[in-house]
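Structure file my_file.pdb; described as PDB, C-alpha atoms and all ligand atoms.
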ATOM      1  CA  MET O   1    -193.404-121.824  -0.832  1.00  0.00           C
ATOM      2  CA  LEU O   2    -189.786-122.840  -1.168  1.00  0.00           C
ATOM      3  CA  ASN O   3    -189.548-125.551  -3.782  1.00  0.00           C
ATOM      4  CA  ASN O   4    -186.527-124.603  -5.822  1.00  0.00           C
ATOM      5  CA  GLU O   5    -183.015-123.964  -4.522  1.00  0.00           C
ATOM      6  CA  GLU O   6    -182.324-121.485  -7.340  1.00  0.00           C
ATOM      7  CA  LYS O   7    -184.728-119.087  -5.746  1.00  0.00           C
ATOM      8  CA  ILE O   8    -182.412-118.487  -2.822  1.00  0.00           C
ATOM      9  CA  VAL O   9    -180.257-115.397  -3.408  1.00  0.00           C
ATOM     10  CA  TRP O  10    -177.934-113.184  -1.432  1.00  0.00           C
ATOM     11  CA  ARG O  11    -179.379-109.823  -0.556  1.00  0.00           C
ATOM     12  CA  MET O  12    -177.422-106.728   0.371  1.00  0.00           C
ATOM     13  CA  VAL O  13    -179.123-103.508   1.370  1.00  0.00           C
ATOM     14  CA  ALA O  14    -177.858-100.019   2.071  1.00  0.00           C
ATOM     15  CA  MET O  15    -179.382 -96.830   3.394  1.00  0.00           C
ATOM     16  CA  VAL O  16    -178.583 -93.352   2.056  1.00  0.00           C
ATOM     17  CA  ASP O  17    -180.481 -90.362   3.485  1.00  0.00           C
ATOM     18  CA  GLY O  18    -183.037 -92.771   4.913  1.00  0.00           C
ATOM     19  CA  ASP O  19    -183.769 -94.413   1.549  1.00  0.00           C
ATOM     20  CA  ILE O  20    -183.243 -98.150   1.161  1.00  0.00           C
ATOM     21  CA  ILE O  21    -181.180 -99.569  -1.698  1.00  0.00           C
ATOM     22  CA  SER O  22    -181.383-103.328  -2.225  1.00  0.00           C
ATOM     23  CA  LYS O  23    -179.588-105.757  -4.559  1.00  0.00           C
ATOM     24  CA  ASP O  24    -180.173-109.495  -4.928  1.00  0.00           C
ATOM     25  CA  HIS O  25    -177.693-111.821  -6.598  1.00  0.00           C
ATOM     26  CA  LYS O  26    -176.896-115.505  -6.488  1.00  0.00           C
ATOM     27  CA  LYS O  27    -173.250-114.602  -5.857  1.00  0.00           C
ATOM     28  CA  ALA O  28    -172.655-112.791  -2.563  1.00  0.00           C
ATOM     29  CA  GLU O  29    -169.794-110.643  -3.853  1.00  0.00           C
ATOM     30  CA  LYS O  30    -171.965-109.426  -6.753  1.00  0.00           C
ATOM     31  CA  ALA O  31    -174.753-108.384  -4.407  1.00  0.00           C
ATOM     32  CA  ILE O  32    -172.229-106.438  -2.330  1.00  0.00           C
ATOM     33  CA  LYS O  33    -170.550-104.826  -5.343  1.00  0.00           C
ATOM     34  CA  GLN O  34    -173.837-103.785  -6.957  1.00  0.00           C
ATOM     35  CA  THR O  35    -175.027-102.269  -3.706  1.00  0.00           C
ATOM     36  CA  ARG O  36    -171.755-100.353  -3.248  1.00  0.00           C
ATOM     37  CA  ASN O  37    -172.053 -98.974  -6.795  1.00  0.00           C
ATOM     38  CA  ALA O  38    -175.650 -97.914  -6.176  1.00  0.00           C
ATOM     39  CA  VAL O  39    -174.586 -96.116  -2.990  1.00  0.00           C
ATOM     40  CA  VAL O  40    -171.793 -94.262  -4.818  1.00  0.00           C
ATOM     41  CA  LYS O  41    -174.198 -93.320  -7.647  1.00  0.00           C
ATOM     42  CA  ARG O  42    -176.680 -91.922  -5.140  1.00  0.00           C
ATOM     43  CA  LEU O  43    -173.983 -89.981  -3.221  1.00  0.00           C
ATOM     44  CA  CYS O  44    -172.590 -88.511  -6.467  1.00  0.00           C
ATOM     45  CA  ILE O  45    -176.055 -87.351  -7.560  1.00  0.00           C
ATOM     46  CA  ASN O  46    -176.466 -85.651  -4.182  1.00  0.00           C
ATOM     47  CA  ALA O  47    -173.044 -84.002  -4.541  1.00  0.00           C
ATOM     48  CA  LYS O  48    -173.727 -83.035  -8.215  1.00  0.00           C
ATOM     49  CA  ILE O  49    -170.607 -84.787  -9.506  1.00  0.00           C
ATOM     50  CA  ASP O  50    -170.258 -87.416 -12.220  1.00  0.00           C
ATOM     51  CA  TYR O  51    -170.255 -91.044 -11.128  1.00  0.00           C
ATOM     52  CA  PRO O  52    -166.557 -91.979 -11.218  1.00  0.00           C
ATOM     53  CA  TYR O  53    -166.177 -94.996 -13.486  1.00  0.00           C
ATOM     54  CA  ALA O  54    -164.294 -97.848 -11.765  1.00  0.00           C
ATOM     55  CA  TRP O  55    -164.133 -95.891  -8.499  1.00  0.00           C
ATOM     56  CA  TRP O  56    -163.141 -99.086  -6.645  1.00  0.00           C
ATOM     57  CA  GLN O  57    -159.815 -99.255  -8.495  1.00  0.00           C
ATOM     58  CA  GLY O  58    -156.670 -97.216  -7.923  1.00  0.00           C
ATOM     59  CA  SER O  59    -154.490 -96.118  -5.042  1.00  0.00           C
ATOM     60  CA  GLU O  60    -157.208 -94.947  -2.639  1.00  0.00           C
ATOM     61  CA  ALA O  61    -159.617 -97.768  -3.440  1.00  0.00           C
ATOM     62  CA  ALA O  62    -159.482 -99.377   0.008  1.00  0.00           C
ATOM     63  CA  ASP O  63    -160.362 -96.085   1.741  1.00  0.00           C
ATOM     64  CA  LYS O  64    -163.254 -95.503  -0.664  1.00  0.00           C
ATOM     65  CA  ILE O  65    -164.666 -98.992  -0.152  1.00  0.00           C
ATOM     66  CA  GLU O  66    -164.342 -98.617   3.623  1.00  0.00           C
ATOM     67  CA  PHE O  67    -166.312 -95.365   3.416  1.00  0.00           C
ATOM     68  CA  VAL O  68    -169.034 -96.841   1.185  1.00  0.00           C
ATOM     69  CA  ASP O  69    -169.384 -99.949   3.357  1.00  0.00           C
ATOM     70  CA  LYS O  70    -170.544 -97.810   6.296  1.00  0.00           C
ATOM     71  CA  PHE O  71    -173.805 -97.395   4.369  1.00  0.00           C
ATOM     72  CA  LEU O  72    -174.225-101.154   3.859  1.00  0.00           C
ATOM     73  CA  GLY O  73    -176.064-103.533   6.139  1.00  0.00           C
ATOM     74  CA  THR O  74    -175.465-107.227   6.748  1.00  0.00           C
ATOM     75  CA  LEU O  75    -175.669-109.691   3.885  1.00  0.00           C
ATOM     76  CA  ILE O  76    -178.384-112.312   4.232  1.00  0.00           C
ATOM     77  CA  SER O  77    -179.818-115.039   2.022  1.00  0.00           C
ATOM     78  CA  VAL O  78    -183.449-114.603   1.081  1.00  0.00           C
ATOM     79  CA  ILE O  79    -186.008-115.928  -1.341  1.00  0.00           C
ATOM     80  CA  SER O  80    -185.608-114.064  -4.625  1.00  0.00           C
ATOM     81  CA  GLY O  81    -188.189-111.345  -5.055  1.00  0.00           C
ATOM     82  CA  SER O  82    -189.288-111.389  -1.422  1.00  0.00           C
ATOM     83  CA  LYS O  83    -190.095-108.138   0.332  1.00  0.00           C
ATOM     84  CA  VAL O  84    -187.068-106.201   1.582  1.00  0.00           C
ATOM     85  CA  ARG O  85    -187.108-106.049   5.366  1.00  0.00           C
ATOM     86  CA  ALA O  86    -184.628-103.316   6.235  1.00  0.00           C
ATOM     87  CA  HIS O  87    -184.542-104.178   9.933  1.00  0.00           C
ATOM     88  CA  ASP O  88    -183.099-107.625   9.101  1.00  0.00           C
ATOM     89  CA  HIS O  89    -179.933-105.965   7.823  1.00  0.00           C
ATOM     90  CA  GLU O  90    -178.839-103.924  10.858  1.00  0.00           C
ATOM     91  CA  LEU O  91    -178.564-100.670   8.939  1.00  0.00           C
ATOM     92  CA  GLU O  92    -177.203 -97.525  10.521  1.00  0.00           C
ATOM     93  CA  PHE O  93    -178.077 -93.972   9.567  1.00  0.00           C
ATOM     94  CA  ILE O  94    -174.818 -92.556   8.215  1.00  0.00           C
ATOM     95  CA  ARG O  95    -174.310 -88.806   8.233  1.00  0.00           C
ATOM     96  CA  TYR O  96    -172.057 -87.291   5.597  1.00  0.00           C
ATOM     97  CA  ARG O  97    -171.305 -83.889   4.106  1.00  0.00           C
ATOM     98  CA  VAL O  98    -171.343 -83.022   0.381  1.00  0.00           C
ATOM     99  CA  PRO O  99    -167.744 -81.603   0.398  1.00  0.00           C
ATOM    100  CA  GLN O 100    -166.642 -84.948   1.834  1.00  0.00           C
ATOM    101  CA  ILE O 101    -168.253 -86.775  -1.115  1.00  0.00           C
ATOM    102  CA  VAL O 102    -166.621 -84.379  -3.609  1.00  0.00           C
ATOM    103  CA  ALA O 103    -163.233 -84.923  -1.944  1.00  0.00           C
ATOM    104  CA  ILE O 104    -163.558 -88.726  -2.051  1.00  0.00           C
ATOM    105  CA  PHE O 105    -165.295 -89.286  -5.399  1.00  0.00           C
ATOM    106  CA  GLY O 106    -164.867 -85.986  -7.250  1.00  0.00           C
ATOM    107  CA  PRO O 107    -162.417 -85.221 -10.035  1.00  0.00           C
ATOM    108  CA  LYS O 108    -158.734 -85.211  -9.110  1.00  0.00           C
ATOM    109  CA  PRO O 109    -156.128 -82.643 -10.231  1.00  0.00           C
ATOM    110  CA  THR O 110    -154.207 -85.467 -11.919  1.00  0.00           C
ATOM    111  CA  ASP O 111    -157.097 -85.624 -14.456  1.00  0.00           C
ATOM    112  CA  MET O 112    -156.588 -81.950 -15.379  1.00  0.00           C
ATOM    113  CA  THR O 113    -155.602 -80.889 -18.888  1.00  0.00           C
ATOM    114  CA  ALA O 114    -154.514 -77.443 -20.134  1.00  0.00           C
ATOM    115  CA  ASP O 115    -157.765 -77.015 -22.091  1.00  0.00           C
ATOM    116  CA  ASP O 116    -159.717 -77.209 -18.836  1.00  0.00           C
ATOM    117  CA  ILE O 117    -157.912 -74.218 -17.273  1.00  0.00           C
ATOM    118  CA  ASP O 118    -159.205 -70.705 -18.007  1.00  0.00           C
ATOM    119  CA  SER O 119    -157.381 -67.363 -17.925  1.00  0.00           C
ATOM    120  CA  GLN O 120    -158.595 -66.706 -14.351  1.00  0.00           C
ATOM    121  CA  GLY O 121    -156.925 -69.868 -13.111  1.00  0.00           C
ATOM    122  CA  ASN O 122    -160.140 -71.892 -12.766  1.00  0.00           C
ATOM    123  CA  TRP O 123    -160.071 -75.591 -13.507  1.00  0.00           C
ATOM    124  CA  HIS O 124    -163.308 -76.640 -15.286  1.00  0.00           C
ATOM    125  CA  PHE O 125    -163.784 -80.304 -14.407  1.00  0.00           C
ATOM    126  CA  GLY O 126    -167.267 -80.518 -15.969  1.00  0.00           C
ATOM    127  CA  GLU O 127    -169.588 -78.829 -18.450  1.00  0.00           C
ATOM    128  CA  GLY O 128    -171.741 -76.924 -15.966  1.00  0.00           C
ATOM    129  CA  ASP O 129    -171.069 -73.366 -14.795  1.00  0.00           C
ATOM    130  CA  HIS O 130    -170.662 -74.496 -11.188  1.00  0.00           C
ATOM    131  CA  GLU O 131    -168.268 -77.295 -12.139  1.00  0.00           C
ATOM    132  CA  LYS O 132    -165.047 -75.383 -11.597  1.00  0.00           C
ATOM    133  CA  ILE O 133    -162.442 -74.924  -8.903  1.00  0.00           C
ATOM    134  CA  SER O 134    -160.122 -71.945  -8.452  1.00  0.00           C
ATOM    135  CA  LEU O 135    -156.589 -73.303  -8.605  1.00  0.00           C
ATOM    136  CA  LEU O 136    -155.200 -70.408  -6.592  1.00  0.00           C
ATOM    137  CA  GLY O 137    -154.978 -71.869  -3.105  1.00  0.00           C
ATOM    138  CA  SER O 138    -155.428 -75.439  -4.398  1.00  0.00           C
ATOM    139  CA  THR O 139    -152.778 -78.091  -3.956  1.00  0.00           C
ATOM    140  CA  LEU O 140    -151.368 -79.775  -7.065  1.00  0.00           C
ATOM    141  CA  PRO O 141    -149.247 -82.915  -7.461  1.00  0.00           C
ATOM    142  CA  VAL O 142    -145.867 -81.824  -8.880  1.00  0.00           C
ATOM    143  CA  PRO O 143    -144.109 -84.258 -11.248  1.00  0.00           C
ATOM    144  CA  SER O 144    -141.038 -85.878  -9.699  1.00  0.00           C
ATOM    145  CA  ASP O 145    -138.705 -84.973 -12.598  1.00  0.00           C
ATOM    146  CA  ILE O 146    -138.884 -81.243 -11.884  1.00  0.00           C
ATOM    147  CA  ARG O 147    -138.780 -81.612  -8.121  1.00  0.00           C
ATOM    148  CA  SER O 148    -135.780 -82.069  -5.840  1.00  0.00           C
ATOM    149  CA  LYS O 149    -136.051 -84.780  -3.200  1.00  0.00           C
ATOM    150  CA  ASP O 150    -136.656 -82.379  -0.302  1.00  0.00           C
ATOM    151  CA  GLN O 151    -139.558 -80.604  -2.026  1.00  0.00           C
ATOM    152  CA  PRO O 152    -143.126 -81.699  -1.297  1.00  0.00           C
ATOM    153  CA  THR O 153    -144.915 -83.943  -3.818  1.00  0.00           C
ATOM    154  CA  LYS O 154    -148.014 -81.757  -3.563  1.00  0.00           C
ATOM    155  CA  GLN O 155    -147.642 -77.991  -3.556  1.00  0.00           C
ATOM    156  CA  GLU O 156    -150.101 -75.139  -3.090  1.00  0.00           C
ATOM    157  CA  VAL O 157    -150.657 -72.627  -5.893  1.00  0.00           C
ATOM    158  CA  ILE O 158    -149.692 -69.334  -4.227  1.00  0.00           C
ATOM    159  CA  ALA O 159    -149.737 -66.953  -7.199  1.00  0.00           C
ATOM    160  CA  MET O 160    -150.449 -66.610 -10.919  1.00  0.00           C
ATOM    161  CA  ALA O 161    -148.556 -64.848 -13.677  1.00  0.00           C
ATOM    162  CA  ASP O 162    -149.328 -63.727 -17.229  1.00  0.00           C
ATOM    163  CA  ALA O 163    -147.687 -66.298 -19.514  1.00  0.00           C
ATOM    164  CA  GLN O 164    -147.380 -63.862 -22.464  1.00  0.00           C
ATOM    165  CA  LEU O 165    -145.220 -61.581 -20.317  1.00  0.00           C
ATOM    166  CA  SER O 166    -143.162 -64.456 -18.935  1.00  0.00           C
ATOM    167  CA  LEU O 167    -142.436 -66.692 -21.921  1.00  0.00           C
ATOM    168  CA  ASP O 168    -141.298 -65.813 -25.458  1.00  0.00           C
ATOM    169  CA  ASN O 169    -142.587 -69.040 -27.006  1.00  0.00           C
ATOM    170  CA  CYS O 170    -144.412 -72.145 -25.884  1.00  0.00           C
ATOM    171  CA  PRO O 171    -141.851 -74.715 -24.703  1.00  0.00           C
ATOM    172  CA  GLY O 172    -144.245 -77.446 -25.896  1.00  0.00           C
ATOM    173  CA  CYS O 173    -144.941 -76.482 -29.524  1.00  0.00           C
ATOM    174  CA  ASN O 174    -142.663 -73.440 -29.940  1.00  0.00           C
ATOM    175  CA  GLY O 175    -145.671 -71.383 -31.077  1.00  0.00           C
ATOM    176  CA  ASP O 176    -146.798 -67.986 -29.801  1.00  0.00           C
ATOM    177  CA  ILE O 177    -148.199 -67.889 -26.272  1.00  0.00           C
ATOM    178  CA  PRO O 178    -152.019 -67.640 -26.626  1.00  0.00           C
ATOM    179  CA  PHE O 179    -153.705 -64.521 -25.213  1.00  0.00           C
ATOM    180  CA  GLY O 180    -154.970 -65.066 -21.680  1.00  0.00           C
ATOM    181  CA  SER O 181    -152.505 -67.865 -20.883  1.00  0.00           C
ATOM    182  CA  ILE O 182    -151.365 -68.047 -17.307  1.00  0.00           C
ATOM    183  CA  ILE O 183    -148.595 -69.564 -15.241  1.00  0.00           C
ATOM    184  CA  LEU O 184    -149.464 -71.107 -11.894  1.00  0.00           C
ATOM    185  CA  ILE O 185    -146.814 -70.602  -9.234  1.00  0.00           C
ATOM    186  CA  THR O 186    -146.200 -72.899  -6.280  1.00  0.00           C
ATOM    187  CA  GLU O 187    -143.483 -72.525  -3.675  1.00  0.00           C
ATOM    188  CA  PHE O 188    -140.978 -74.555  -5.699  1.00  0.00           C
ATOM    189  CA  ALA O 189    -142.430 -74.917  -9.195  1.00  0.00           C
ATOM    190  CA  HIS O 190    -144.248 -73.207 -12.063  1.00  0.00           C
ATOM    191  CA  LEU O 191    -146.941 -74.736 -14.248  1.00  0.00           C
ATOM    192  CA  PHE O 192    -147.759 -73.398 -17.709  1.00  0.00           C
ATOM    193  CA  PRO O 193    -151.026 -74.929 -18.987  1.00  0.00           C
ATOM    194  CA  ALA O 194    -150.356 -74.539 -22.722  1.00  0.00           C
ATOM    195  CA  ASN O 195    -153.679 -74.081 -24.523  1.00  0.00           C
ATOM    196  CA  CYS O 196    -151.863 -73.924 -27.893  1.00  0.00           C
ATOM    197  CA  CYS O 197    -150.834 -77.583 -27.756  1.00  0.00           C
ATOM    198  CA  ASP O 198    -152.794 -78.802 -24.680  1.00  0.00           C
ATOM    199  CA  ASN O 199    -149.639 -79.605 -22.703  1.00  0.00           C
ATOM    200  CA  MET O 200    -149.160 -79.217 -18.968  1.00  0.00           C
ATOM    201  CA  ILE O 201    -145.638 -77.794 -18.859  1.00  0.00           C
ATOM    202  CA  TRP O 202    -143.907 -77.774 -15.486  1.00  0.00           C
ATOM    203  CA  PHE O 203    -140.750 -75.856 -14.603  1.00  0.00           C
ATOM    204  CA  ASN O 204    -138.581 -75.967 -11.562  1.00  0.00           C
ATOM    205  CA  GLN O 205    -138.507 -72.608  -9.796  1.00  0.00           C
ATOM    206  CA  ASP O 206    -134.875 -72.198 -10.911  1.00  0.00           C
ATOM    207  CA  ALA O 207    -135.933 -72.174 -14.581  1.00  0.00           C
ATOM    208  CA  GLU O 208    -135.106 -68.985 -16.438  1.00  0.00           C
ATOM    209  CA  THR O 209    -138.593 -67.546 -16.471  1.00  0.00           C
ATOM    210  CA  ASP O 210    -139.167 -63.898 -15.689  1.00  0.00           C
ATOM    211  CA  LEU O 211    -142.581 -63.975 -14.081  1.00  0.00           C
ATOM    212  CA  GLU O 212    -144.786 -60.915 -14.099  1.00  0.00           C
ATOM    213  CA  GLY O 213    -147.236 -61.442 -11.275  1.00  0.00           C
ATOM    214  CA  LEU O 214    -150.970 -60.947 -11.700  1.00  0.00           C
ATOM    215  CA  GLU O 215    -151.785 -61.290  -8.031  1.00  0.00           C
TER     216      GLU O 215
HETATM  217 ZN    ZN O 301    -147.857 -74.947 -27.168  1.00  0.00          ZN
END
Write-out of the structure in structure tokens:
Amino acid sequence: MLNNEEKIVWRMVAMVDGDIISKDHKKAEKAIKQTRNAVVKRLCINAKIDYPYAWWQGSEAADKIEFVDKFLGTLISVISGSKVRAHDHELEFIRYRVPQIVAIFGPKPTDMTADDIDSQGNWHFGEGDHEKISLLGSTLPVPSDIRSKDQPTKQEVIAMADAQLSLDNCPGCNGDIPFGSIILITEFAHLFPANCCDNMIWFNQDAETDLEGLE
């Protein structure tokens, strides 16, 4: 019953956890892109993280797309609205782990603000109770201006200190240090998440701070 060329569309399908996702579009690249987005949405729901807007942009975009494309089948042209025949698309069952999805599509420490860090050193990246990560033992990107060339760009948080005992005033707003404020200590740097003015204030380890350790 093919009597109109406009009824031919490109169809991309994907399989996540055995479920078939299918997108038709008259432009091939749109069918692919919509299918990729649907795969990422599904994976993020499974991993209980927010769908990352514009996930295909940025420095690690190529790696992310390569990962997502494992779930995609072959692109074929079909009659619009026809039944999806999964076996025509050479799909493979892709195994993945939730921590892998969180690592690829989850929030990144570069998105962190001082308001999101509590007095126990947890970073709250979402509203839910489970949406937090302990920063002690986590690796943070350290700004280049407080780092010497031989120091690593990402450094592990190895200790925490009480900011009220370590600083007289906030270096950001010059106000009093709020109760419960902490300083995160890496091998070569210190980070004061200033809740008073919502600044992330980094120091080089040589800065004149007298740190009173909590742990
Ligand atoms: Zn401040």
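Comparing O:Ala62, O:Leu167, O:Met112, O:Ala31 by their smallest distance to Thr74 of chain O, the closest is O:Ala31 (using all atoms listed in the file).
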*Given the choices O:Asp116, O:Asp168, O:Glu66, O:Glu90, which gets closest to ligand ZN 301 (chain O) if the distance is worked out from all atoms listed in the file?*
O:Asp168
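On the file presented, the PyMOL selection byres (((not hetatm)) within 6 of (chain O and resi 301)) picks out Cys170, Gly172, Cys173, Gly175, Ala194, Cys196 and Cys197 of chain O.
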*Name the residues that the PyMOL selection byres (((chain O and resi 127-138) around 12) and not hetatm) pulls out of this structure, and write them as a ChimeraX atom specification.*
/O:47-50,102,106-109,112,116-126,139-141,154-161,182-187,191,193,214-215
*Applied to this file, what does the PyMOL selection byres (((chain O and resi 56) around 12) and not hetatm) return in terms of residues, put as a ChimeraX atom specification?*
/O:33-34,36-37,40,51-55,57-69,104-105
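Coordinates place atom CA of Ala14 of chain O at a distance of 11.1 Å from atom CA of His87 of chain O.
Relative to atom CA of Glu29 of chain O, atom CA of Glu92 of chain O is found at 20.8 Å.
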